[in-house]
>>> print(open('query_27.txt').read())   # compact mmCIF, C-alpha atoms
# COMPACT_ATOMS: atom_id res chain seq x y z
CA GLU A 100 -47.99 -9.59 -55.04
CA ASP A 101 -49.32 -7.32 -52.29
CA GLN A 102 -47.53 -4.02 -51.73
CA VAL A 103 -47.60 -1.63 -48.79
CA THR A 104 -45.91 1.77 -49.06
CA GLN A 105 -45.67 4.14 -46.14
CA SER A 106 -44.90 7.83 -46.44
CA PRO A 107 -43.09 9.85 -45.47
CA GLU A 108 -40.17 7.68 -44.37
CA ALA A 109 -39.41 10.19 -41.62
CA LEU A 110 -41.39 13.09 -40.17
CA ARG A 111 -40.24 15.77 -37.75
CA LEU A 112 -42.94 17.71 -35.90
CA GLN A 113 -42.97 20.31 -33.20
CA GLU A 114 -44.96 19.44 -30.12
CA GLY A 115 -48.60 20.32 -30.81
CA GLU A 116 -48.19 20.31 -34.60
CA SER A 117 -50.81 17.92 -35.99
CA SER A 118 -50.07 15.80 -39.07
CA SER A 119 -50.89 12.55 -40.88
CA LEU A 120 -48.97 9.44 -41.86
CA ASN A 121 -49.94 7.60 -45.03
CA CYS A 122 -50.13 3.89 -45.82
CA SER A 123 -50.91 3.09 -49.47
CA TYR A 124 -51.62 -0.48 -50.43
CA THR A 125 -52.42 -2.83 -53.27
CA VAL A 126 -53.76 -6.14 -52.03
CA SER A 127 -55.64 -9.13 -53.38
CA GLY A 128 -58.78 -8.95 -51.28
CA LEU A 129 -58.24 -6.78 -48.21
CA ARG A 130 -59.26 -8.54 -45.02
CA GLY A 131 -57.81 -6.05 -42.57
CA LEU A 132 -55.31 -3.25 -42.12
CA PHE A 133 -53.23 -3.00 -38.95
CA TRP A 134 -51.33 -0.11 -37.39
CA TYR A 135 -48.48 -0.74 -34.94
CA ARG A 136 -46.13 1.53 -33.01
CA GLN A 137 -42.49 0.48 -32.53
CA ASP A 138 -40.09 2.14 -30.12
CA PRO A 139 -36.32 1.77 -30.69
CA GLY A 140 -35.03 -1.64 -29.61
CA LYS A 141 -38.53 -2.96 -28.91
CA GLY A 142 -41.15 -5.04 -30.67
CA PRO A 143 -44.14 -3.49 -32.44
CA GLU A 144 -47.09 -2.59 -30.21
CA PHE A 145 -50.59 -3.08 -31.64
CA LEU A 146 -52.66 0.08 -32.11
CA PHE A 147 -55.63 -0.52 -34.44
CA THR A 148 -57.27 -2.86 -36.92
CA LEU A 149 -59.49 -1.49 -39.70
CA TYR A 150 -61.59 -3.88 -41.78
CA SER A 151 -63.50 -1.87 -44.39
CA ALA A 152 -63.38 1.44 -46.24
CA GLY A 153 -64.91 4.26 -44.24
CA GLU A 154 -64.01 2.75 -40.90
CA GLU A 155 -62.28 4.97 -38.32
CA LYS A 156 -60.74 4.21 -34.93
CA GLU A 157 -59.32 6.50 -32.25
CA LYS A 158 -57.00 6.15 -29.32
CA GLU A 159 -55.86 9.21 -27.38
CA ARG A 160 -54.16 11.53 -29.93
CA LEU A 161 -54.27 8.96 -32.75
CA LYS A 162 -57.02 8.41 -35.30
CA ALA A 163 -56.82 5.83 -38.08
CA THR A 164 -58.95 5.97 -41.22
CA LEU A 165 -59.29 3.62 -44.19
CA THR A 166 -60.21 4.00 -47.86
CA LYS A 167 -60.05 1.43 -50.67
CA LYS A 168 -56.48 2.42 -51.53
CA GLU A 169 -54.92 3.86 -48.39
CA SER A 170 -55.03 4.43 -44.67
CA PHE A 171 -54.10 7.51 -42.70
CA LEU A 172 -52.89 7.75 -39.14
CA HIS A 173 -53.76 11.24 -37.94
CA ILE A 174 -51.83 12.57 -34.96
CA THR A 175 -53.48 15.49 -33.17
CA ALA A 176 -51.34 17.79 -31.01
CA PRO A 177 -48.49 15.26 -30.70
CA LYS A 178 -46.24 15.06 -27.66
CA PRO A 179 -42.58 13.98 -27.54
CA GLU A 180 -43.68 10.59 -26.18
CA ASP A 181 -45.45 9.94 -29.49
CA SER A 182 -42.02 9.70 -31.14
CA ALA A 183 -41.68 6.19 -32.58
CA THR A 184 -41.81 4.27 -35.85
CA TYR A 185 -45.34 3.59 -37.01
CA LEU A 186 -45.91 0.42 -39.05
CA CYS A 187 -48.80 -0.48 -41.29
CA ALA A 188 -49.66 -4.04 -42.41
CA VAL A 189 -52.37 -5.49 -44.65
CA ALA A 190 -53.98 -8.92 -44.48
CA ASN A 191 -55.20 -10.43 -47.75
CA ALA A 192 -57.70 -13.06 -48.74
CA GLY A 193 -54.88 -15.58 -49.06
CA ASN A 194 -54.14 -15.34 -45.35
CA MET A 195 -50.92 -13.36 -45.85
CA LEU A 196 -49.83 -10.32 -43.84
CA THR A 197 -47.58 -7.76 -45.54
CA PHE A 198 -45.84 -4.95 -43.65
CA GLY A 199 -44.80 -1.54 -44.93
CA GLY A 200 -41.41 0.00 -44.27
CA GLY A 201 -42.68 2.31 -41.54
CA THR A 202 -42.67 6.04 -40.83
CA ARG A 203 -40.23 7.30 -38.22
CA LEU A 204 -41.91 10.12 -36.29
CA MET A 205 -39.90 12.56 -34.17
CA VAL A 206 -41.77 15.09 -32.04
CA LYS A 207 -39.63 17.89 -30.61
CA PRO A 208 -40.64 19.77 -27.44
CA GLU B 467 -44.47 -12.52 -16.84
CA THR B 468 -47.11 -11.26 -19.22
CA GLY B 469 -47.39 -10.99 -23.00
CA VAL B 470 -44.60 -12.30 -25.20
CA THR B 471 -41.08 -12.64 -23.85
CA GLN B 472 -37.86 -13.33 -25.73
CA THR B 473 -34.40 -14.36 -24.58
CA PRO B 474 -31.68 -13.42 -24.94
CA ARG B 475 -32.27 -9.76 -25.73
CA HIS B 476 -28.84 -9.40 -27.32
CA LEU B 477 -26.63 -12.04 -28.91
CA VAL B 478 -23.24 -11.84 -30.58
CA MET B 479 -22.02 -14.95 -32.36
CA GLY B 480 -19.35 -16.04 -34.77
CA MET B 481 -20.18 -17.66 -38.08
CA THR B 482 -19.27 -21.13 -36.78
CA ASN B 483 -21.29 -20.95 -33.55
CA LYS B 484 -24.59 -22.63 -32.77
CA LYS B 485 -27.08 -20.71 -30.66
CA SER B 486 -30.82 -20.67 -30.00
CA LEU B 487 -33.37 -17.91 -29.53
CA LYS B 488 -36.28 -18.54 -27.19
CA CYS B 489 -39.79 -17.10 -27.22
CA GLU B 490 -42.56 -17.66 -24.70
CA GLN B 491 -46.12 -16.35 -24.84
CA HIS B 492 -48.39 -16.02 -21.81
CA LEU B 493 -51.53 -15.04 -23.74
CA GLY B 494 -53.10 -18.44 -24.33
CA HIS B 495 -52.61 -18.07 -28.09
CA ASN B 496 -52.44 -20.92 -30.59
CA ALA B 497 -50.20 -19.43 -33.28
CA MET B 498 -46.61 -18.21 -33.05
CA TYR B 499 -44.35 -16.47 -35.56
CA TRP B 500 -40.72 -15.60 -36.22
CA TYR B 501 -39.92 -12.37 -38.09
CA LYS B 502 -36.65 -10.79 -39.18
CA GLN B 503 -36.31 -7.00 -39.06
CA SER B 504 -33.31 -5.49 -40.84
CA ALA B 505 -32.46 -1.83 -41.09
CA LYS B 506 -34.34 -0.01 -43.85
CA LYS B 507 -36.43 -3.11 -44.72
CA PRO B 508 -39.98 -4.13 -43.81
CA LEU B 509 -40.59 -6.97 -41.39
CA GLU B 510 -39.98 -10.30 -43.09
CA LEU B 511 -42.04 -13.30 -42.00
CA MET B 512 -39.85 -16.37 -41.49
CA PHE B 513 -42.00 -19.08 -39.91
CA VAL B 514 -45.56 -19.62 -38.69
CA TYR B 515 -46.69 -22.31 -36.27
CA SER B 516 -50.32 -23.10 -35.51
CA LEU B 517 -51.04 -25.55 -32.70
CA GLU B 518 -47.40 -26.64 -32.84
CA GLU B 519 -47.56 -27.47 -36.56
CA ARG B 520 -45.48 -25.44 -39.01
CA VAL B 521 -47.86 -23.84 -41.50
CA GLU B 522 -45.53 -21.38 -43.22
CA ASN B 523 -41.87 -21.42 -44.14
CA ASN B 524 -41.08 -18.33 -46.15
CA SER B 525 -38.09 -19.63 -48.15
CA VAL B 526 -35.80 -19.27 -45.16
CA PRO B 527 -32.26 -20.71 -45.43
CA SER B 528 -31.71 -24.00 -43.62
CA ARG B 529 -29.22 -22.37 -41.25
CA PHE B 530 -32.35 -21.19 -39.42
CA SER B 531 -34.24 -24.07 -37.81
CA PRO B 532 -37.46 -23.46 -35.85
CA GLU B 533 -38.90 -25.64 -33.11
CA CYS B 534 -42.28 -25.39 -31.42
CA PRO B 535 -42.57 -27.95 -28.60
CA ASN B 536 -45.94 -26.60 -27.39
CA SER B 537 -48.24 -23.67 -28.08
CA SER B 538 -46.49 -21.45 -25.51
CA HIS B 539 -42.87 -21.88 -26.60
CA LEU B 540 -41.01 -21.25 -29.83
CA PHE B 541 -37.32 -21.60 -30.55
CA LEU B 542 -35.11 -20.53 -33.43
CA HIS B 543 -31.93 -22.58 -33.71
CA LEU B 544 -29.07 -20.85 -35.48
CA HIS B 545 -25.97 -22.40 -37.03
CA THR B 546 -23.26 -21.27 -39.44
CA LEU B 547 -24.85 -17.86 -39.88
CA GLN B 548 -23.58 -15.11 -42.18
CA PRO B 549 -22.93 -11.46 -41.28
CA GLU B 550 -25.98 -10.45 -43.35
CA ASP B 551 -28.11 -12.41 -40.87
CA SER B 552 -27.46 -9.70 -38.29
CA ALA B 553 -30.86 -8.20 -37.48
CA LEU B 554 -33.59 -7.88 -34.87
CA TYR B 555 -35.47 -11.19 -34.60
CA LEU B 556 -39.02 -10.77 -33.42
CA CYS B 557 -41.41 -13.37 -32.10
CA ALA B 558 -45.16 -12.83 -32.20
CA SER B 559 -48.27 -14.75 -31.21
CA SER B 560 -51.95 -14.59 -32.11
CA LEU B 561 -55.10 -16.37 -31.08
CA GLY B 562 -55.43 -18.11 -34.44
CA SER B 563 -53.23 -18.24 -37.52
CA ALA B 564 -55.51 -16.24 -39.82
CA SER B 565 -53.90 -13.09 -41.17
CA THR B 566 -56.72 -11.07 -39.56
CA ASP B 567 -55.83 -12.32 -36.08
CA THR B 568 -53.96 -9.56 -34.27
CA GLN B 569 -50.34 -10.44 -33.66
CA TYR B 570 -48.67 -9.44 -30.41
CA PHE B 571 -44.91 -9.05 -30.53
CA GLY B 572 -42.11 -9.70 -28.10
CA PRO B 573 -39.26 -7.23 -27.52
CA GLY B 574 -36.95 -9.00 -29.97
CA THR B 575 -33.43 -10.41 -29.91
CA ARG B 576 -30.75 -8.18 -31.43
CA LEU B 577 -28.40 -10.59 -33.22
CA THR B 578 -24.94 -9.65 -34.42
CA VAL B 579 -22.99 -12.15 -36.51
CA LEU B 580 -19.25 -11.49 -36.67
>>> encode(input="query_27.txt", output="structure tokens")
Amino acid sequence: EDQVTQSPEALRLQEGESSSLNCSYTVSGLRGLFWYRQDPGKGPEFLFTLYSAGEEKEKERLKATLTKKESFLHITAPKPEDSATYLCAVANAGNMLTFGGGTRLMVKP
Amino acid sequence: ETGVTQTPRHLVMGMTNKKSLKCEQHLGHNAMYWYKQSAKKPLELMFVYSLEERVENNSVPSRFSPECPNSSHLFLHLHTLQPEDSALYLCASSLGSASTDTQYFGPGTRLTVL
């Protein structure tokens, strides 16, 4: 059974304080890893897809990286508007998508 | 309207009521999904439809009944629910039904069962 573990569960940062969120996974044949952002009371918003180890993608202050066992979402100089829950999901060779529990990020001004 | 829309946004129902959740996608996608999101738990896939055919039913109790009349609309019919069914119900769509196809989510329906 595929497993996705995100850490930490919650992270408090000061504005401008860079950090990383972790997504560790065990999966039967990784086909892709997805990052989503979810604001309170809203649906998840797609951020990135990574397909193979060594791949990196960037969008504004966010950079996602992938290894064979984990993915990191690096947040550079975060702003209060980056506060949200960040979700990671892995797609396996059996056409299943498994989500992690998320990391709740709070950025204080 | 653009993207994926869901109605109603909030719903309160008693255990003996019957209600329906509606989802509509304006992205030209062929696959649609229902997810349940409870506090402190990961998203749980409930149902997958591809080209209006159900391709996945993740051991969901029969008190939840999906309907997909066409590739743009998806319903979730609810009857005799339990308080533990209170959650955020999310609809998503993707171009195809492969797990690597990016899913785009609606805003969700917050359901409270009394």
>>> closest_atom_pairs(input="query_27.txt", of="range 528-559 of chain B", to="range 475-496 of chain B", cutoff="8 Å", atoms="only C-alpha atoms", output="JSON lines")
{"residue": "B:Ser537", "atom": "CA", "partner": "B:Asn496", "partner_atom": "CA", "distance": 5.6}
{"residue": "B:Ser538", "atom": "CA", "partner": "B:Gln491", "partner_atom": "CA", "distance": 5.2}
{"residue": "B:His539", "atom": "CA", "partner": "B:Glu490", "partner_atom": "CA", "distance": 4.6}
{"residue": "B:Leu540", "atom": "CA", "partner": "B:Cys489", "partner_atom": "CA", "distance": 5.1}
{"residue": "B:Phe541", "atom": "CA", "partner": "B:Lys488", "partner_atom": "CA", "distance": 4.7}
{"residue": "B:Leu542", "atom": "CA", "partner": "B:Leu487", "partner_atom": "CA", "distance": 5.0}
{"residue": "B:His543", "atom": "CA", "partner": "B:Ser486", "partner_atom": "CA", "distance": 4.3}
{"residue": "B:Leu544", "atom": "CA", "partner": "B:Lys485", "partner_atom": "CA", "distance": 5.2}
{"residue": "B:His545", "atom": "CA", "partner": "B:Lys484", "partner_atom": "CA", "distance": 4.5}
{"residue": "B:Thr546", "atom": "CA", "partner": "B:Thr482", "partner_atom": "CA", "distance": 4.8}
{"residue": "B:Leu547", "atom": "CA", "partner": "B:Met481", "partner_atom": "CA", "distance": 5.0}
{"residue": "B:Gln548", "atom": "CA", "partner": "B:Met481", "partner_atom": "CA", "distance": 5.9}
{"residue": "B:Pro549", "atom": "CA", "partner": "B:Met481", "partner_atom": "CA", "distance": 7.5}
{"residue": "B:Cys557", "atom": "CA", "partner": "B:Cys489", "partner_atom": "CA", "distance": 6.4}
{"residue": "B:Ser559", "atom": "CA", "partner": "B:His495", "partner_atom": "CA", "distance": 6.3}
>>> interface_residues(input="query_27.txt", of="chain A", to="chain B", cutoff="8 Å", atoms="all atoms listed in the file", output="list in words")
Arg130, Gly131, Gly140, Lys141, Gly142, Pro143, Glu144, Phe145, Thr148, Ala190, Asn191, Asn194, Met195, Leu196, Phe198, Gly199, Gly200 and Gly201 of chain A
>>> atom_distance(input="query_27.txt", atom1="CA of Gly469 in chain B", atom2="CA of Gly562 in chain B")
15.7 Å
>>> residues_around(input="query_27.txt", residues="Asp181 in chain A", least_positions_apart="5", cutoff="10 Å", atoms="all atoms listed in the file", output="ChimeraX atom specification")
/A:114,136,138,160-161,174,176,204-207
>>> atom_distance(input="query_27.txt", atom1="CA of Ser106 in chain A", atom2="CA of Glu169 in chain A")
11.0 Å
>>> residues_around(input="query_27.txt", residues="Leu165 in chain A", least_positions_apart="6", cutoff="10 Å", atoms="only C-alpha atoms", output="number ranges by chain")
A: 122-123, 131-132, 148-156, 171-172
>>> atom_distance(input="query_27.txt", atom1="CA of Ala553 in chain B", atom2="CA of Arg529 in chain B")
14.8 Å
>>> decode(input="query_27.txt", residues="range 129-184 of chain A", atoms="C-alpha atoms", output="short mmCIF file (atom, residue, chain, number, x, y, z; two decimals), in the first residue's frame")
data_model
loop_
_atom_site.label_atom_id
_atom_site.label_comp_id
_atom_site.auth_asym_id
_atom_site.auth_seq_id
_atom_site.Cartn_x
_atom_site.Cartn_y
_atom_site.Cartn_z
CA LEU A 129 6.13 6.40 -9.01
CA ARG A 130 4.48 8.00 -12.02
CA GLY A 131 4.24 11.52 -10.66
CA LEU A 132 4.24 13.64 -7.52
CA PHE A 133 1.86 16.58 -7.17
CA TRP A 134 1.90 19.62 -4.90
CA TYR A 135 -1.30 21.53 -4.13
CA ARG A 136 -2.08 24.57 -2.01
CA GLN A 137 -5.36 24.69 -0.05
CA ASP A 138 -6.76 27.80 1.60
CA PRO A 139 -9.29 27.42 4.44
CA GLY A 140 -12.76 26.54 3.17
CA LYS A 141 -11.56 26.12 -0.41
CA GLY A 142 -10.53 23.31 -2.71
CA PRO A 143 -6.89 22.45 -3.39
CA GLU A 144 -5.16 24.56 -6.04
CA PHE A 145 -2.63 22.83 -8.30
CA LEU A 146 0.97 24.00 -8.00
CA PHE A 147 3.41 21.50 -9.54
CA THR A 148 3.88 18.01 -10.95
CA LEU A 149 7.27 16.28 -10.73
CA TYR A 150 7.87 13.08 -12.67
CA SER A 151 11.41 11.86 -11.95
CA ALA A 152 14.17 12.15 -9.36
CA GLY A 153 16.28 15.24 -9.86
CA GLU A 154 13.48 17.27 -11.37
CA GLU A 155 12.82 20.77 -10.01
CA LYS A 156 10.06 23.29 -10.68
CA GLU A 157 9.63 26.88 -9.54
CA LYS A 158 6.79 29.32 -9.22
CA GLU A 159 7.31 32.70 -7.59
CA ARG A 160 8.63 32.00 -4.05
CA LEU A 161 8.06 28.23 -4.29
CA LYS A 162 10.47 25.59 -5.56
CA ALA A 163 9.67 21.88 -5.60
CA THR A 164 12.33 19.17 -5.80
CA LEU A 165 12.12 15.38 -6.04
CA THR A 166 14.32 12.47 -4.99
CA LYS A 167 13.58 8.74 -5.04
CA LYS A 168 12.17 8.85 -1.51
CA GLU A 169 10.92 12.37 -0.90
CA SER A 170 10.00 15.77 -2.25
CA PHE A 171 10.66 19.18 -0.77
CA LEU A 172 8.70 22.36 -1.23
CA HIS A 173 11.11 25.22 -0.56
CA ILE A 174 9.61 28.58 0.33
CA THR A 175 11.94 31.54 -0.12
CA ALA A 176 11.23 34.77 1.77
CA PRO A 177 7.58 33.87 2.44
CA LYS A 178 4.84 36.46 2.74
CA PRO A 179 1.66 36.27 4.85
CA GLU A 180 -0.32 35.44 1.70
CA ASP A 181 1.65 32.19 1.42
CA SER A 182 -0.18 30.96 4.53
CA ALA A 183 -2.16 27.86 3.56
CA THR A 184 -2.12 24.08 3.82
#
